[in-house]
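Asks: Dropping a structure here in structure tokens format, bear with me for questions.
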Amino acid sequence: MIHLANPEIWFVTGSQHLYGPGPLKEVAENSRKIVAALDASDRLPLKLTFKALLTTPEEIHALCQEANHAPACGGLILWMHTFSPSKMWIRGLNVLTKPFMHLHTQFKRDLPWSTIDMDFMNLNQAAHGDR
């Protein structure tokens, strides 16, 4: 077993540029809220840290390489905001040597069925409508 000095799990959010800077800023904030809630729950064995919102294959590859070489990184949780194309992740995940899990959930638990619109869906739905 590898013993890490101050191990942490990195929380990484995948998205894409087509949403624009405003929505991506909100997605990053939503990611921080998810991290805060999970970290405060005492259900994770390690500290959870929001690491990045990634929108390009180059960013993903660089972060995976960074995780491989970061002594304190014990693994990653990957959360895909709406549709982060899986093709963008292939190169990075092929080099990743740390364990990871894909979190399948949307940001908001309850859906406002009577007022739901594409803006709501674009900001709150996880990839492929995961729940």
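Each chain of the structure tokens is named A, B, ... in the order shown, its residues numbered from 1; ligands are numbered from 1 in display order.
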Find the residues around region 58-75 of chain A up to 9 Å (only C-alpha atoms counted), leave out those fewer than 5 positions away in its own chain, and share them as a PDB file with N, CA and C atoms, in the first residue's frame.

Replies:
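Ended up saving to result-v2.pdb:
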ATOM      1  N   LEU A   4       0.470   8.141   1.505  1.00  0.00           N
ATOM      2  CA  LEU A   4       0.624   9.521   1.084  1.00  0.00           C
ATOM      3  C   LEU A   4       0.674  10.410   2.311  1.00  0.00           C
ATOM      4  N   ALA A   5       1.520  11.439   2.286  1.00  0.00           N
ATOM      5  CA  ALA A   5       1.687  12.328   3.433  1.00  0.00           C
ATOM      6  C   ALA A   5       0.381  13.030   3.814  1.00  0.00           C
ATOM      7  N   ASN A   6      -0.197  13.750   2.916  1.00  0.00           N
ATOM      8  CA  ASN A   6      -1.462  14.451   3.133  1.00  0.00           C
ATOM      9  C   ASN A   6      -2.373  14.171   1.949  1.00  0.00           C
ATOM     10  N   PRO A   7      -2.921  12.956   1.898  1.00  0.00           N
ATOM     11  CA  PRO A   7      -3.670  12.576   0.703  1.00  0.00           C
ATOM     12  C   PRO A   7      -4.970  13.356   0.540  1.00  0.00           C
ATOM     13  N   GLU A   8      -5.310  13.589  -0.706  1.00  0.00           N
ATOM     14  CA  GLU A   8      -6.570  14.235  -1.035  1.00  0.00           C
ATOM     15  C   GLU A   8      -7.088  13.649  -2.333  1.00  0.00           C
ATOM     16  N   ILE A   9      -8.394  13.785  -2.522  1.00  0.00           N
ATOM     17  CA  ILE A   9      -9.025  13.386  -3.766  1.00  0.00           C
ATOM     18  C   ILE A   9      -9.307  14.659  -4.556  1.00  0.00           C
ATOM     19  N   TRP A  10      -8.950  14.656  -5.812  1.00  0.00           N
ATOM     20  CA  TRP A  10      -9.199  15.820  -6.657  1.00  0.00           C
ATOM     21  C   TRP A  10     -10.562  15.674  -7.321  1.00  0.00           C
ATOM     22  N   PHE A  11     -11.358  16.721  -7.253  1.00  0.00           N
ATOM     23  CA  PHE A  11     -12.654  16.776  -7.934  1.00  0.00           C
ATOM     24  C   PHE A  11     -12.447  17.575  -9.209  1.00  0.00           C
ATOM     25  N   GLY A  14     -15.811  18.274 -16.004  1.00  0.00           N
ATOM     26  CA  GLY A  14     -15.662  18.356 -17.448  1.00  0.00           C
ATOM     27  C   GLY A  14     -16.833  19.122 -18.054  1.00  0.00           C
ATOM     28  N   LEU A  46     -10.865  10.603   2.487  1.00  0.00           N
ATOM     29  CA  LEU A  46      -9.814  11.598   2.272  1.00  0.00           C
ATOM     30  C   LEU A  46     -10.454  12.957   2.033  1.00  0.00           C
ATOM     31  N   LYS A  51     -10.388  20.778  -8.061  1.00  0.00           N
ATOM     32  CA  LYS A  51      -9.136  21.018  -8.766  1.00  0.00           C
ATOM     33  C   LYS A  51      -9.323  21.888 -10.006  1.00  0.00           C
ATOM     34  N   ALA A  52     -10.331  21.562 -10.839  1.00  0.00           N
ATOM     35  CA  ALA A  52     -10.424  22.315 -12.092  1.00  0.00           C
ATOM     36  C   ALA A  52     -11.728  22.035 -12.824  1.00  0.00           C
ATOM     37  N   MET A  88     -12.921  13.815 -25.698  1.00  0.00           N
ATOM     38  CA  MET A  88     -11.942  14.748 -25.122  1.00  0.00           C
ATOM     39  C   MET A  88     -11.143  14.101 -24.000  1.00  0.00           C
ATOM     40  N   TRP A  89     -11.659  13.055 -23.373  1.00  0.00           N
ATOM     41  CA  TRP A  89     -11.053  12.452 -22.189  1.00  0.00           C
ATOM     42  C   TRP A  89     -10.119  11.290 -22.507  1.00  0.00           C
ATOM     43  N   ILE A  90     -10.166  10.758 -23.713  1.00  0.00           N
ATOM     44  CA  ILE A  90      -9.431   9.531 -24.042  1.00  0.00           C
ATOM     45  C   ILE A  90      -7.933   9.675 -23.799  1.00  0.00           C
ATOM     46  N   ARG A  91      -7.317  10.694 -24.350  1.00  0.00           N
ATOM     47  CA  ARG A  91      -5.865  10.865 -24.231  1.00  0.00           C
ATOM     48  C   ARG A  91      -5.439  11.021 -22.770  1.00  0.00           C
ATOM     49  N   GLY A  92      -6.177  11.824 -22.013  1.00  0.00           N
ATOM     50  CA  GLY A  92      -5.833  12.033 -20.613  1.00  0.00           C
ATOM     51  C   GLY A  92      -6.007  10.775 -19.784  1.00  0.00           C
ATOM     52  N   LEU A  93      -7.141  10.092 -19.941  1.00  0.00           N
ATOM     53  CA  LEU A  93      -7.383   8.886 -19.142  1.00  0.00           C
ATOM     54  C   LEU A  93      -6.435   7.757 -19.516  1.00  0.00           C
ATOM     55  N   ASN A  94      -5.946   7.751 -20.755  1.00  0.00           N
ATOM     56  CA  ASN A  94      -4.971   6.733 -21.156  1.00  0.00           C
ATOM     57  C   ASN A  94      -3.644   6.868 -20.419  1.00  0.00           C
ATOM     58  N   VAL A  95      -3.299   8.075 -19.971  1.00  0.00           N
ATOM     59  CA  VAL A  95      -2.028   8.252 -19.256  1.00  0.00           C
ATOM     60  C   VAL A  95      -2.214   8.292 -17.743  1.00  0.00           C
ATOM     61  N   LEU A  96      -3.442   8.399 -17.276  1.00  0.00           N
ATOM     62  CA  LEU A  96      -3.709   8.524 -15.841  1.00  0.00           C
ATOM     63  C   LEU A  96      -3.376   7.222 -15.113  1.00  0.00           C
ATOM     64  N   THR A  97      -2.559   7.323 -14.065  1.00  0.00           N
ATOM     65  CA  THR A  97      -2.187   6.148 -13.279  1.00  0.00           C
ATOM     66  C   THR A  97      -2.838   6.147 -11.898  1.00  0.00           C
ATOM     67  N   LYS A  98      -3.525   7.213 -11.553  1.00  0.00           N
ATOM     68  CA  LYS A  98      -4.219   7.285 -10.262  1.00  0.00           C
ATOM     69  C   LYS A  98      -5.638   6.738 -10.428  1.00  0.00           C
ATOM     70  N   PRO A  99      -6.213   6.200  -9.345  1.00  0.00           N
ATOM     71  CA  PRO A  99      -7.594   5.725  -9.456  1.00  0.00           C
ATOM     72  C   PRO A  99      -8.562   6.889  -9.646  1.00  0.00           C
ATOM     73  N   PHE A 100      -9.667   6.609 -10.318  1.00  0.00           N
ATOM     74  CA  PHE A 100     -10.678   7.652 -10.500  1.00  0.00           C
ATOM     75  C   PHE A 100     -12.055   7.013 -10.499  1.00  0.00           C
ATOM     76  N   MET A 101     -13.046   7.846 -10.234  1.00  0.00           N
ATOM     77  CA  MET A 101     -14.438   7.428 -10.374  1.00  0.00           C
ATOM     78  C   MET A 101     -15.177   8.521 -11.117  1.00  0.00           C
TER      79      MET A 101
END

Asks: So which residues of chain A fall under helix (DSSP H, G or I) by DSSP, listed as a ChimeraX atom specification?

Replies: /A:17-19,21-40,57-69,86-95,118-124,127-129

Asks: Within 12 Å of Gly22 (chain A), counting only C-alpha atoms, which residues qualify if same-chain residues fewer than 5 places away don't, as number ranges by chain?

Replies: A: 17, 27-29, 119, 122-123

Asks: So that I can check the secondary structure, give me every residue of region 55-117 of chain A assigned strand (DSSP E) by backbone DSSP, as a PyMOL selection string.

Replies: chain A and resi 73-80+100-103

Asks: With distances taken over only C-alpha atoms, which residue among A:Ile34, A:Met118, A:Ile77, A:Leu18 lies nearest Thr56 (chain A)?

Replies: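 When distances to Thr56 (chain A) are compared using only C-alpha atoms, the smallest one comes from A:Leu18.
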